[in-house]
Structures are given as C-alpha cells and as structure tokens.
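**Student:** Input file: run26.cif. Contents: mmCIF, C-alpha atoms and all ligand atoms.
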```cif
data_structure
#
loop_
_atom_site.label_atom_id
_atom_site.label_comp_id
_atom_site.auth_asym_id
_atom_site.auth_seq_id
_atom_site.Cartn_x
_atom_site.Cartn_y
_atom_site.Cartn_z
CA MET E 4 -23.35 -9.60 15.24
CA LYS E 5 -19.95 -9.05 13.61
CA LEU E 6 -18.37 -5.71 14.44
CA SER E 7 -16.05 -4.02 11.97
CA PRO E 8 -12.39 -3.72 13.13
CA ALA E 9 -12.77 0.08 13.38
CA LEU E 10 -15.82 -0.29 15.64
CA LYS E 11 -14.06 -2.88 17.81
CA LEU E 12 -11.08 -0.57 18.23
CA THR E 13 -13.46 2.31 18.98
CA LEU E 14 -15.04 0.27 21.78
CA TRP E 15 -11.61 -0.54 23.20
CA TYR E 16 -10.57 3.13 23.16
CA LEU E 17 -13.91 4.20 24.59
CA GLY E 18 -13.81 1.52 27.27
CA PHE E 19 -10.41 2.79 28.35
CA ILE E 20 -11.55 6.43 28.37
CA MET E 21 -14.71 5.56 30.34
CA LEU E 22 -12.72 3.50 32.85
CA LEU E 23 -10.45 6.50 33.51
CA SER E 24 -13.44 8.82 33.66
CA LEU E 25 -15.30 6.59 36.14
CA LEU E 26 -12.21 6.24 38.33
CA PHE E 27 -11.84 10.02 38.25
CA THR E 28 -15.57 10.44 39.04
CA THR E 29 -15.40 8.06 42.02
CA PHE E 30 -12.37 9.88 43.34
CA VAL E 31 -13.98 13.32 42.95
CA TYR E 32 -17.23 12.04 44.48
CA ARG E 33 -15.47 10.58 47.52
CA VAL E 34 -13.28 13.63 48.16
CA THR E 35 -16.15 16.09 47.69
CA MET E 36 -18.53 14.12 49.91
CA THR E 37 -15.95 13.93 52.67
CA GLU E 38 -15.41 17.67 52.43
CA LEU E 39 -19.15 18.38 52.41
CA GLU E 40 -19.81 16.23 55.44
CA ARG E 41 -16.92 17.76 57.30
CA GLY E 42 -18.18 21.28 56.45
CA PHE E 43 -21.70 20.59 57.62
CA ARG E 44 -20.47 19.06 60.84
CA ARG E 45 -19.00 22.42 61.85
CA PRO E 46 -21.09 23.93 64.73
CA THR E 47 -23.15 27.00 63.86
CA THR E 48 -24.23 29.54 66.43
CA ASP E 49 -26.34 31.74 64.21
CA ARG E 50 -29.75 30.76 65.61
CA GLN E 51 -31.36 33.81 63.96
CA PHE E 52 -30.42 32.50 60.56
CA PHE E 53 -32.19 29.17 61.20
CA LEU E 54 -35.30 30.81 62.54
CA PHE E 55 -35.42 33.31 59.64
CA ASN E 56 -35.28 30.46 57.12
CA GLY E 57 -38.10 28.61 58.88
CA PHE E 58 -35.87 26.00 60.45
CA ASP E 59 -36.03 25.61 64.13
CA ASN E 60 -33.81 22.69 64.03
CA TYR E 61 -30.21 23.10 62.96
CA GLU E 62 -29.97 19.39 62.14
CA ASP E 63 -32.77 19.61 59.50
CA LEU E 64 -31.02 22.44 57.66
CA ARG E 65 -27.71 20.64 57.82
CA LEU E 66 -29.18 17.46 56.33
CA GLN E 67 -31.12 19.31 53.63
CA ARG E 68 -28.02 21.21 52.50
CA LEU E 69 -26.00 18.04 52.54
CA HIS E 70 -28.56 16.21 50.37
CA GLU E 71 -28.81 19.15 47.98
CA GLY E 72 -25.04 19.27 47.66
CA GLU E 73 -24.88 15.52 47.14
CA SER E 74 -27.58 15.49 44.48
CA ASN E 75 -25.97 18.45 42.62
CA LEU E 76 -22.66 16.69 42.70
CA ARG E 77 -24.22 13.49 41.30
CA ILE E 78 -25.97 15.37 38.49
CA ASN E 79 -22.77 17.24 37.59
CA LEU E 80 -20.68 14.09 37.60
CA PHE E 81 -23.32 12.27 35.55
CA MET E 82 -23.34 15.10 32.98
CA PHE E 83 -19.56 15.09 32.93
CA ASN E 84 -19.50 11.34 32.17
CA ALA E 85 -22.22 11.71 29.51
CA VAL E 86 -20.10 14.38 27.77
CA VAL E 87 -16.98 12.18 28.08
CA LEU E 88 -18.97 9.27 26.57
CA VAL E 89 -20.16 11.26 23.56
CA VAL E 90 -16.94 13.20 22.89
CA GLY E 91 -14.76 10.18 23.77
CA GLY E 92 -16.86 7.98 21.45
CA GLY E 93 -16.48 10.40 18.55
CA LEU E 94 -12.75 10.86 19.11
CA SER E 95 -12.21 7.12 19.59
CA TYR E 96 -13.98 6.37 16.33
CA TRP E 97 -11.90 9.00 14.52
CA PHE E 98 -8.64 7.59 15.95
CA ALA E 99 -9.73 4.02 15.26
CA ARG E 100 -10.47 4.85 11.59
CA ARG E 101 -7.10 6.58 11.29
CA THR E 102 -5.31 3.58 12.79
CA ILE E 103 -7.22 0.98 10.83
CA ARG E 104 -7.25 2.61 7.38
CA PRO E 105 -3.58 1.97 6.40
CA ILE E 106 -3.86 -1.59 7.73
CA GLU E 107 -7.06 -2.16 5.73
CA ASP E 108 -5.44 -0.67 2.62
CA ALA E 109 -2.39 -2.92 2.99
CA LEU E 110 -4.63 -5.97 3.49
CA GLU E 111 -6.74 -5.01 0.48
CA THR E 112 -3.60 -4.64 -1.69
CA GLN E 113 -2.33 -7.98 -0.44
CA LYS E 114 -5.67 -9.66 -1.18
CA ARG E 115 -5.84 -8.20 -4.68
CA PHE E 116 -2.23 -9.22 -5.30
CA THR E 117 -2.90 -12.82 -4.22
CA ALA E 118 -6.11 -12.98 -6.27
CA ASP E 119 -4.42 -11.58 -9.40
CA ALA E 120 -1.38 -13.83 -9.01
CA SER E 121 -3.60 -16.90 -8.55
CA HIS E 122 -5.64 -15.92 -11.58
CA GLU E 123 -2.53 -15.52 -13.74
CA LEU E 124 -1.16 -18.88 -12.58
CA ARG E 125 -4.51 -20.60 -13.04
CA THR E 126 -4.61 -19.91 -16.79
CA PRO E 127 -1.42 -21.78 -17.81
CA LEU E 128 -2.22 -24.54 -15.32
CA SER E 129 -5.69 -25.03 -16.83
CA VAL E 130 -4.23 -25.09 -20.35
CA MET E 131 -1.70 -27.74 -19.28
CA GLN E 132 -4.32 -29.80 -17.45
CA THR E 133 -6.63 -29.88 -20.49
CA GLU E 134 -3.81 -30.74 -22.89
CA ILE E 135 -2.52 -33.55 -20.67
CA GLU E 136 -6.01 -34.99 -20.11
CA VAL E 137 -6.77 -34.99 -23.85
CA ALA E 138 -3.40 -36.60 -24.61
CA LEU E 139 -3.92 -39.32 -22.00
CA ARG E 140 -7.37 -40.16 -23.40
CA ASP E 141 -5.96 -40.45 -26.95
CA LYS E 142 -5.12 -44.13 -27.51
CA ASP E 143 -3.40 -43.43 -30.84
CA LEU E 144 -0.96 -40.88 -29.42
CA THR E 145 2.30 -41.10 -31.37
CA ALA E 146 5.80 -40.26 -30.13
CA GLN E 147 5.70 -37.09 -32.24
CA ASP E 148 2.35 -36.05 -30.67
CA SER E 149 3.86 -36.61 -27.21
CA ARG E 150 6.87 -34.49 -28.07
CA ASP E 151 4.60 -31.68 -29.34
CA GLN E 152 2.59 -32.04 -26.20
CA LEU E 153 5.66 -31.74 -23.99
CA LYS E 154 6.87 -28.74 -25.99
CA SER E 155 3.59 -26.95 -25.45
CA ASN E 156 3.64 -27.85 -21.73
CA LEU E 157 7.19 -26.58 -21.48
CA GLU E 158 6.12 -23.21 -22.92
CA GLU E 159 3.48 -22.92 -20.24
CA VAL E 160 6.00 -23.94 -17.56
CA VAL E 161 8.43 -21.25 -18.79
CA ARG E 162 5.61 -18.67 -18.65
CA MET E 163 4.69 -19.73 -15.12
CA ARG E 164 8.30 -19.70 -14.04
CA SER E 165 8.76 -16.13 -15.29
CA LEU E 166 5.57 -15.09 -13.51
CA VAL E 167 6.64 -16.74 -10.24
CA ASP E 168 10.09 -15.09 -10.50
CA GLY E 169 8.37 -11.74 -10.96
CA LEU E 170 6.04 -12.39 -8.03
CA LEU E 171 8.93 -13.28 -5.78
CA ARG E 172 10.69 -10.11 -6.79
CA LEU E 173 7.64 -8.00 -6.02
CA ALA E 174 7.09 -9.81 -2.71
CA ARG E 175 10.65 -8.98 -1.61
CA ASN E 176 9.74 -5.35 -2.27
CA GLY E 177 13.25 -4.31 -3.26
CA SER E 178 14.76 -5.51 0.03
CA ALA E 179 17.28 -7.74 -1.78
CA ILE E 180 18.66 -4.81 -3.80
CA GLU E 181 22.00 -3.64 -2.46
CA LEU E 182 23.73 -0.52 -3.72
CA THR E 183 27.23 -1.70 -2.90
CA GLU E 184 28.89 -1.85 -6.33
CA MET E 185 30.13 0.97 -8.53
CA VAL E 186 28.51 0.11 -11.85
CA ASP E 187 28.87 1.50 -15.34
CA MET E 188 25.41 2.23 -16.72
CA ARG E 189 26.71 2.01 -20.29
CA ASP E 190 27.85 -1.60 -19.73
CA ILE E 191 24.55 -2.35 -18.10
CA LEU E 192 22.59 -1.09 -21.10
CA LEU E 193 24.79 -3.03 -23.52
CA SER E 194 24.03 -6.21 -21.54
CA ALA E 195 20.32 -5.37 -21.60
CA ILE E 196 20.40 -4.83 -25.37
CA ALA E 197 22.09 -8.22 -25.78
CA ARG E 198 19.27 -9.86 -23.81
CA VAL E 199 16.50 -8.40 -26.00
CA GLU E 200 18.38 -8.83 -29.26
CA LYS E 201 16.50 -11.98 -30.25
CA THR E 202 13.08 -10.36 -29.92
CA SER E 203 14.11 -7.11 -31.57
CA ARG E 204 15.63 -9.02 -34.48
CA ALA E 205 12.47 -11.12 -34.85
CA LYS E 206 10.45 -7.90 -35.28
CA LYS E 207 13.15 -6.19 -37.33
CA ILE E 208 13.32 -3.41 -34.77
CA VAL E 209 16.48 -1.33 -34.68
CA ILE E 210 17.77 -0.15 -31.30
CA ASP E 211 19.40 3.20 -31.86
CA GLN E 212 21.91 3.80 -29.06
CA LYS E 213 23.45 7.00 -27.73
CA LEU E 214 25.25 5.94 -24.59
CA LYS E 215 27.66 7.92 -22.43
CA THR E 216 29.70 6.32 -19.69
CA VAL E 217 27.97 7.08 -16.41
CA LYS E 218 29.07 5.37 -13.23
CA LEU E 219 26.91 5.09 -10.16
CA GLN E 220 26.43 3.11 -6.99
CA GLY E 221 23.95 0.36 -7.71
CA ASP E 222 22.95 -3.25 -8.17
CA ARG E 223 24.13 -4.48 -11.57
CA GLU E 224 21.72 -7.37 -12.16
CA ASN E 225 18.71 -5.35 -11.09
CA LEU E 226 19.66 -2.40 -13.27
CA ILE E 227 20.01 -4.75 -16.26
CA GLU E 228 16.55 -6.10 -15.41
CA LEU E 229 15.13 -2.55 -15.28
CA ALA E 230 16.56 -1.75 -18.72
CA VAL E 231 15.40 -5.11 -20.15
CA ILE E 232 11.82 -4.46 -18.98
CA LEU E 233 11.73 -1.03 -20.67
CA LEU E 234 13.39 -2.26 -23.87
CA ASP E 235 11.24 -5.38 -23.97
CA ASN E 236 8.06 -3.29 -23.66
CA ALA E 237 9.28 -0.84 -26.29
CA ILE E 238 9.77 -3.78 -28.67
CA LYS E 239 6.52 -5.56 -27.68
CA TYR E 240 4.33 -2.52 -28.21
CA SER E 241 5.98 -1.29 -31.42
CA PRO E 242 5.27 -2.20 -35.04
CA ARG E 243 7.67 -4.30 -37.06
CA GLY E 244 10.53 -2.39 -38.63
CA SER E 245 10.31 0.59 -36.28
CA THR E 246 13.13 2.12 -34.25
CA VAL E 247 13.62 2.21 -30.49
CA HIS E 248 15.86 5.03 -29.27
CA LEU E 249 17.98 4.38 -26.20
CA LYS E 250 19.84 7.31 -24.70
CA LEU E 251 22.03 7.51 -21.61
CA THR E 252 23.33 10.81 -20.29
CA GLY E 253 24.58 11.95 -16.93
CA ASN E 254 25.79 14.82 -14.86
CA THR E 255 27.37 15.03 -11.43
CA LYS E 256 24.00 14.45 -9.77
CA ASP E 257 22.23 11.74 -11.71
CA ALA E 258 22.13 9.38 -14.65
CA LYS E 259 19.30 9.77 -17.14
CA LEU E 260 18.12 6.88 -19.26
CA VAL E 261 15.54 7.45 -21.99
CA VAL E 262 13.78 4.65 -23.89
CA GLN E 263 11.67 6.01 -26.72
CA ASP E 264 9.57 3.95 -29.10
CA GLN E 265 7.31 4.54 -32.11
CA GLY E 266 4.69 2.10 -30.87
CA ILE E 267 0.99 1.99 -30.06
CA GLY E 268 1.27 4.51 -27.21
CA ILE E 269 -0.77 4.64 -24.01
CA SER E 270 -4.05 6.52 -23.62
CA PRO E 271 -4.25 9.34 -21.00
CA ASP E 272 -6.82 7.29 -18.98
CA GLU E 273 -4.49 4.36 -18.71
CA ILE E 274 -1.13 6.01 -18.31
CA HIS E 275 -1.65 6.58 -14.54
CA HIS E 276 -2.21 2.87 -13.97
CA ILE E 277 0.56 1.21 -15.93
CA PHE E 278 2.90 0.97 -12.91
CA GLU E 279 0.24 -0.85 -10.87
CA ARG E 280 0.73 -4.57 -10.36
CA PHE E 281 -1.06 -6.72 -12.96
CA TYR E 282 -2.35 -3.70 -14.85
CA ARG E 283 -2.44 -4.16 -18.61
CA ALA E 284 -3.80 -1.42 -20.85
CA ASP E 285 -7.25 -2.44 -21.94
CA THR E 286 -6.68 -2.22 -25.67
CA SER E 287 -7.42 -5.32 -27.70
CA ARG E 288 -4.04 -4.78 -29.35
CA SER E 289 -2.07 -5.26 -26.18
CA LYS E 290 -4.37 -7.83 -24.56
CA GLN E 291 -4.78 -10.12 -27.52
CA HIS E 292 -1.52 -10.01 -29.29
CA VAL E 293 1.10 -9.18 -26.72
CA GLU E 294 2.30 -11.57 -24.07
CA GLY E 295 2.73 -10.32 -20.54
CA PHE E 296 1.40 -10.34 -17.00
CA GLY E 297 1.35 -6.63 -16.26
CA ILE E 298 4.04 -6.77 -13.57
CA GLY E 299 7.09 -5.64 -15.57
CA LEU E 300 6.70 -1.92 -14.91
CA SER E 301 5.93 -2.51 -11.20
CA ILE E 302 9.25 -4.36 -10.94
CA ALA E 303 11.05 -1.64 -12.95
CA GLU E 304 9.66 1.04 -10.63
CA GLN E 305 10.63 -0.97 -7.57
CA ILE E 306 14.22 -1.23 -8.85
CA ALA E 307 14.36 2.52 -9.62
CA LEU E 308 12.97 3.36 -6.17
CA ALA E 309 15.48 1.04 -4.48
CA HIS E 310 18.17 3.16 -6.18
CA GLN E 311 16.43 6.34 -4.90
CA GLY E 312 15.51 7.04 -8.51
CA GLN E 313 12.29 7.46 -10.43
CA ILE E 314 10.58 6.55 -13.71
CA GLU E 315 8.41 8.89 -15.75
CA VAL E 316 6.41 8.23 -18.87
CA GLU E 317 5.06 10.36 -21.67
CA SER E 318 2.99 8.88 -24.43
CA THR E 319 0.79 9.66 -27.41
CA VAL E 320 -1.57 7.03 -28.75
CA SER E 321 -0.42 5.67 -32.14
CA LYS E 322 2.76 7.79 -32.00
CA GLY E 323 4.82 6.17 -29.26
CA SER E 324 5.97 6.29 -25.65
CA THR E 325 9.00 7.67 -23.86
CA PHE E 326 10.12 6.23 -20.53
CA THR E 327 12.68 8.29 -18.61
CA VAL E 328 14.59 6.85 -15.65
CA ARG E 329 16.62 9.11 -13.35
CA LEU E 330 19.04 7.47 -10.96
CA PRO E 331 21.09 9.53 -8.51
CA ILE E 332 24.83 9.05 -8.44
CA THR E 333 25.33 8.50 -4.75
CA LYS E 334 29.13 8.16 -4.53
CA ALA E 335 32.25 9.15 -6.47
CA PRO E 336 30.49 10.69 -9.49
CA SER E 337 32.15 9.94 -12.78
CA VAL E 338 30.86 11.07 -16.17
CA SER E 339 32.74 11.08 -19.46
P1 LIG P 1 3.18 -6.22 -19.56
O1 LIG P 1 4.00 -5.58 -20.62
O2 LIG P 1 3.64 -7.55 -19.16
O3 LIG P 1 1.71 -6.18 -19.86
P2 LIG P 1 4.07 -4.03 -17.88
O4 LIG P 1 3.90 -3.83 -16.42
O5 LIG P 1 5.46 -4.06 -18.42
O6 LIG P 1 3.31 -5.36 -18.22
O7 LIG P 1 3.27 -2.90 -18.62
C1 LIG P 1 1.95 -2.58 -18.20
C2 LIG P 1 1.14 -2.05 -19.37
O8 LIG P 1 1.65 -0.79 -19.77
C3 LIG P 1 1.21 -2.92 -20.60
O9 LIG P 1 0.24 -3.94 -20.56
C4 LIG P 1 0.96 -1.93 -21.72
O10 LIG P 1 -0.42 -1.76 -21.89
C5 LIG P 1 1.52 -0.63 -21.18
N1 LIG P 1 2.87 -0.35 -21.75
C6 LIG P 1 4.06 -0.54 -21.12
N2 LIG P 1 5.09 -0.15 -21.92
C7 LIG P 1 4.53 0.30 -23.06
C8 LIG P 1 5.05 0.85 -24.26
N3 LIG P 1 6.37 1.02 -24.47
N4 LIG P 1 4.16 1.21 -25.24
C9 LIG P 1 2.82 1.08 -25.04
N5 LIG P 1 2.29 0.56 -23.94
C10 LIG P 1 3.10 0.17 -22.94
#
```
Could the structure of this file be written out as structure tokens, please?
Ligand code: ADP

**Tutor:**
Amino acid sequence: MKLSPALKLTLWYLGFIMLLSLLFTTFVYRVTMTELERGFRRPTTDRQFFLFNGFDNYEDLRLQRLHEGESNLRINLFMFNAVVLVVGGGLSYWFARRTIRPIEDALETQKRFTADASHELRTPLSVMQTEIEVALRDKDLTAQDSRDQLKSNLEEVVRMRSLVDGLLRLARNGSAIELTEMVDMRDILLSAIARVEKTSRAKKIVIDQKLKTVKLQGDRENLIELAVILLDNAIKYSPRGSTVHLKLTGNTKDAKLVVQDQGIGISPDEIHHIFERFYRADTSRSKQHVEGFGIGLSIAEQIALAHQGQIEVESTVSKGSTFTVRLPITKAPSVS
C-alpha cells in the first residue's frame, strides 16, 4: 500500500507525539505507584475502622486499596493516551497537510512546466524529423530542394532556440537580474522600438511615442526585453495599419510605461490567465495565425517583479488592450 506524503508525515508526527506520551505515561505510572505503595505501607492503628468495614485483616484492606488505586491509574493513563492519539492524530494530519501543500503545489507547477516545455519543443522537432526523413527518401532531391529544406529546418531551429532562451530565463526566476545601473527608460524604449521595427513595418503599424526622460535603477537588457515583449504582442495581436501608442511618464516615485493597441483584445475569462506560463488565449485568431509560445508575458512579469514593479492589463475584445508597467525609482530620482 502506497501512503500519500501527507499521511506519511502524519504518521511521523503522531509517532513522535505518542513516543513522548508513552514516556510521560511510564514516568507518571512509576512515580505514582511508588507513592501509592509507600502510602499503604504506613502502619495504621485504627482497628475500629477495619472492623467496621468488614475487614479483620489490615493486610487485605491495604492490598485491595492498592489494587484499586493501580487499576484506576491504569484506566486514567489509558484514557489519556487514547485522547492524545485521537487529538494528536488530527493535529498531526492538519500540520502535515499545511507543510506538504506548498511543496506539492511547487512540484505540480514544476511538472506542468516541464510537460508544457517538452510539448512545445516536441512540435518543431517532429516537423524537422518528418522533413528530413522525406528529403532523405527522395532520390531526386536537387540542390535547390536541399537548400529549401535547410531553410525550413533553420526556421524551426530559430523557434526552438527562442523557446529554450525563454525557458532558461524563466528557470532562473529573475535571479540574474541586477539593479546596479542607473538607466534611462526613454533610451530603453527607443532600443525596444528599434528591435520591433521590422515586424511593425511589415504590418504597417505605426508606433506613436510620447516618451519623457525617466531614470531609474535597473537592468538595461532586461528592461529592453520587457518593452519588446509588450510591443511585440501589441503588434502581433493588432490589425494591419493600426496604431500602437507607447507612453512613458514618471514622477519622483515611479516610472509608468503604457503600451496601448487597437487589436483583438482579451476576453474577461482569459485576462486573468495571460501571465501564466504557456497560456495562450483560446481564440482561433491567436492560436492559428499568431506565432508564440505563451511565455512572453510570464517573462515580462518576472522582469517587472525583479525591479519591484508590476504590470497591469485592461482590455476590451475587438477594441484593444492596454498594458501598464510601473517601476519604482529606487535611487537618485530624476525626471525631466
Ligand atoms: P504569446 O504572445 O507568445 O502567445 P504571451 O505570454 O506574450 O505569449 O501572451 C499570452 C497570451 O496573452 C497571448 O497568447 C494572447 O492571447 C494574449 N495577449 C498578450 N498580449 C496581447 C495583446 N496586446 N492583445 C491581445 N491579446 C494579447
């Protein structure tokens, strides 16, 4: 029979409690018995008392009282241990569940993460395997076919590489992010815009910028990555020819970055899940036509959290989404 971890831990706790209780019981039993025996050994001169109670022999009364006392003591100690067993069992189980639950949750998250990551990696690998097998079986494969084949394989490799990079990032859980530099958020956003320029141009999407200079303590590369993820999503989930608004403001306390699009929006049911790892909104629009693994926003949130900041989202289906990032300015605030 396989016991659940909570039950195993319960038995350990209970075993420990019962061991203490039995040690305590033995001690009490010994001490009390010694006292009882000593008390009954005391000489009694009250002969009338014995005769009145029908005992003509002092020894008989002494032994009977001793046995009564002993049996009462045993019953009481037995009851005490039974209560300790029941109450201790209940408490042990409660403590065991409390101890085990976060560990089980963490293991469950880890399992799901591994399963999702394997699934995402399996798809491009299967595509590549099939393509390579078909190509190898084709005796009339020309140099041009081979080149096309390699090009297609390379696309899959690039996809896998970006997924593995993302997975590594998530696995590090923000530990590699160091807030040692004083960075200018305006510069960071300009670099991010440059990185998404190709995709925005391909969809004829205009990025309307209103950027103040806001300096804060942070990690430059990671902040660029955070902005790229939000801009990239805004472009991915928006129709051709639309506008993405990018606004950066700041005060002495924090920097506020707003990325607003006129895209497909996110339904109220799904909006609570979009920061979960591997979650992709279940609309055919996003699943069928838009590339992605569903880890971008998890990474973006991790970066914001590593900067003691936060990301919020508001969205209306078919109208668009607004992502707002607030990052505290931890040292030497500077806004202009
Ligand atoms: P990916 O974009 O790779 O699917 P993300 O983690 O970046 O993964 O986003 C998770 C999901 O959130 C997306 O699949 C999409 O459904 C939804 N989403 C994110 N940004 C937007 C946006 N600007 N407009 C509409 N939906 C979005």

**Student:** Do you know which residues are at most 7 Å from segment 267-270 of chain E counting all atoms listed in the file, after dropping those on the same chain fewer than 3 positions away, and could you put them as a list in words?

**Tutor:** Tyr240, Ser241, Glu273, Ile274, Ser318, Thr319, Val320, Ser321, Lys322, Gly323 and Ser324 of chain E

**Student:** Gly253 of chain E: which residues within 8 Å, counting all atoms listed in the file, same-chain residues fewer than 5 positions away excluded, as a ChimeraX atom specification?

**Tutor:** /E:215,217,258-259,338

**Student:** Quick one: residues within 9 Å of Leu69 of chain E, only C-alpha atoms counted, chain neighbours fewer than 4 positions away excluded, as a list of chain:residue names?

**Tutor:** E:Met36, E:Leu39, E:Glu40, E:Phe43, E:Leu64, E:Arg65, E:Glu73, E:Ser74

**Student:** Taking all atoms listed in the file into account, which residues are within 6 Å of ligand LIG 1 (chain P), as a PyMOL selection string?

**Tutor:** chain E and resi 236-237+240+266-269+277+282-284+289+295-301+324

**Student:** Got time to write the residues from that selection, C-alpha atoms, as a PDB file, keeping the file's coordinate frame?

**Tutor:**
```pdb
ATOM      1  CA  ASN E 236       8.060  -3.290 -23.660  1.00  0.00           C
ATOM      2  CA  ALA E 237       9.280  -0.840 -26.290  1.00  0.00           C
ATOM      3  CA  TYR E 240       4.330  -2.520 -28.210  1.00  0.00           C
ATOM      4  CA  GLY E 266       4.690   2.100 -30.870  1.00  0.00           C
ATOM      5  CA  ILE E 267       0.990   1.990 -30.060  1.00  0.00           C
ATOM      6  CA  GLY E 268       1.270   4.510 -27.210  1.00  0.00           C
ATOM      7  CA  ILE E 269      -0.770   4.640 -24.010  1.00  0.00           C
ATOM      8  CA  ILE E 277       0.560   1.210 -15.930  1.00  0.00           C
ATOM      9  CA  TYR E 282      -2.350  -3.700 -14.850  1.00  0.00           C
ATOM     10  CA  ARG E 283      -2.440  -4.160 -18.610  1.00  0.00           C
ATOM     11  CA  ALA E 284      -3.800  -1.420 -20.850  1.00  0.00           C
ATOM     12  CA  SER E 289      -2.070  -5.260 -26.180  1.00  0.00           C
ATOM     13  CA  GLY E 295       2.730 -10.320 -20.540  1.00  0.00           C
ATOM     14  CA  PHE E 296       1.400 -10.340 -17.000  1.00  0.00           C
ATOM     15  CA  GLY E 297       1.350  -6.630 -16.260  1.00  0.00           C
ATOM     16  CA  ILE E 298       4.040  -6.770 -13.570  1.00  0.00           C
ATOM     17  CA  GLY E 299       7.090  -5.640 -15.570  1.00  0.00           C
ATOM     18  CA  LEU E 300       6.700  -1.920 -14.910  1.00  0.00           C
ATOM     19  CA  SER E 301       5.930  -2.510 -11.200  1.00  0.00           C
ATOM     20  CA  SER E 324       5.970   6.290 -25.650  1.00  0.00           C
TER      21      SER E 324
END
```

**Student:** Leu193 of chain E: which residues within 10 Å, counting all atoms listed in the file, same-chain residues fewer than 3 positions away excluded, as a PyMOL selection string?

**Tutor:** chain E and resi 188-190+196-198+212+214+227+230

**Student:** Which one of E:Leu76, E:Ile238, E:Ala118, E:Leu124 sits closest to Val167 of chain E if you count only C-alpha atoms?

**Tutor:** E:Leu124

**Student:** Return the single residue from E:Trp15, E:Phe278, E:Phe27, E:Phe326 that is closest to Val87 of chain E, with distances computed using all atoms listed in the file.

**Tutor:**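 Closest residue, counting all atoms listed in the file: E:Phe27.
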
**Student:** Report the distance between atom CA of Val161 of chain E and atom CA of Glu294 of chain E in Å, rounded to one decimal place.

**Tutor:**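 Interatomic distance, atom CA of Val161 of chain E to atom CA of Glu294 of chain E: 12.6 Å.
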
**Student:** For the atom pair atom CA of Phe98 of chain E and atom CA of Ala9 of chain E, what is the interatomic distance in Å to one decimal place?

**Tutor:**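 Distance reported for this atom pair: 8.9 Å.
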
**Student:** Please identify all polymer residues within 7 Å of Val231 of chain E, counting only C-alpha atoms, omitting same-chain residues fewer than 3 positions from it, and present them as a VMD selection string.

**Tutor:** chain E and resid 195 199 227 to 228 234 to 235

**Student:** Generate a file of the selected residues that holds C-alpha atoms, formatted as a PDB file, in the frame of the given file.

**Tutor:**
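Generated output (out-v7.pdb):
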```pdb
ATOM      1  CA  ALA E 195      20.320  -5.370 -21.600  1.00  0.00           C
ATOM      2  CA  VAL E 199      16.500  -8.400 -26.000  1.00  0.00           C
ATOM      3  CA  ILE E 227      20.010  -4.750 -16.260  1.00  0.00           C
ATOM      4  CA  GLU E 228      16.550  -6.100 -15.410  1.00  0.00           C
ATOM      5  CA  LEU E 234      13.390  -2.260 -23.870  1.00  0.00           C
ATOM      6  CA  ASP E 235      11.240  -5.380 -23.970  1.00  0.00           C
TER       7      ASP E 235
END
```

**Student:** Counting all atoms listed in the file, which residue out of E:Thr28, E:Ser203, E:Thr327, E:Glu315 sits closest to Met82 of chain E?

**Tutor:**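 Closest candidate: E:Thr28.
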
**Student:** Tell me, in Å to one decimal, how far atom CA of Leu249 of chain E is from atom CA of Gln220 of chain E.

**Tutor:**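 Atom-to-atom, atom CA of Leu249 of chain E and atom CA of Gln220 of chain E are spaced 21.0 Å apart.
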
**Student:** So which one's closest to Glu224 of chain E, E:Asp151, E:Glu111, E:Glu200, E:Glu184? Using all atoms listed in the file, please.

**Tutor:** E:Glu184

**Student:** Please identify all polymer residues lying at most 8 Å from the point (-11.6, 7.3, 26.4) (file coordinates), using all atoms listed in the file, and present the result as a compact mmCIF listing (two decimals) with C-alpha atoms, in the frame of the given file.

**Tutor:**
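File point_19.txt, as written:
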```txt
# COMPACT_ATOMS: atom_id res chain seq x y z
CA TYR E 16 -10.57 3.13 23.16
CA LEU E 17 -13.91 4.20 24.59
CA GLY E 18 -13.81 1.52 27.27
CA PHE E 19 -10.41 2.79 28.35
CA ILE E 20 -11.55 6.43 28.37
CA MET E 21 -14.71 5.56 30.34
CA LEU E 22 -12.72 3.50 32.85
CA LEU E 23 -10.45 6.50 33.51
CA SER E 24 -13.44 8.82 33.66
CA VAL E 87 -16.98 12.18 28.08
CA LEU E 88 -18.97 9.27 26.57
CA GLY E 91 -14.76 10.18 23.77
CA GLY E 92 -16.86 7.98 21.45
CA SER E 95 -12.21 7.12 19.59
```
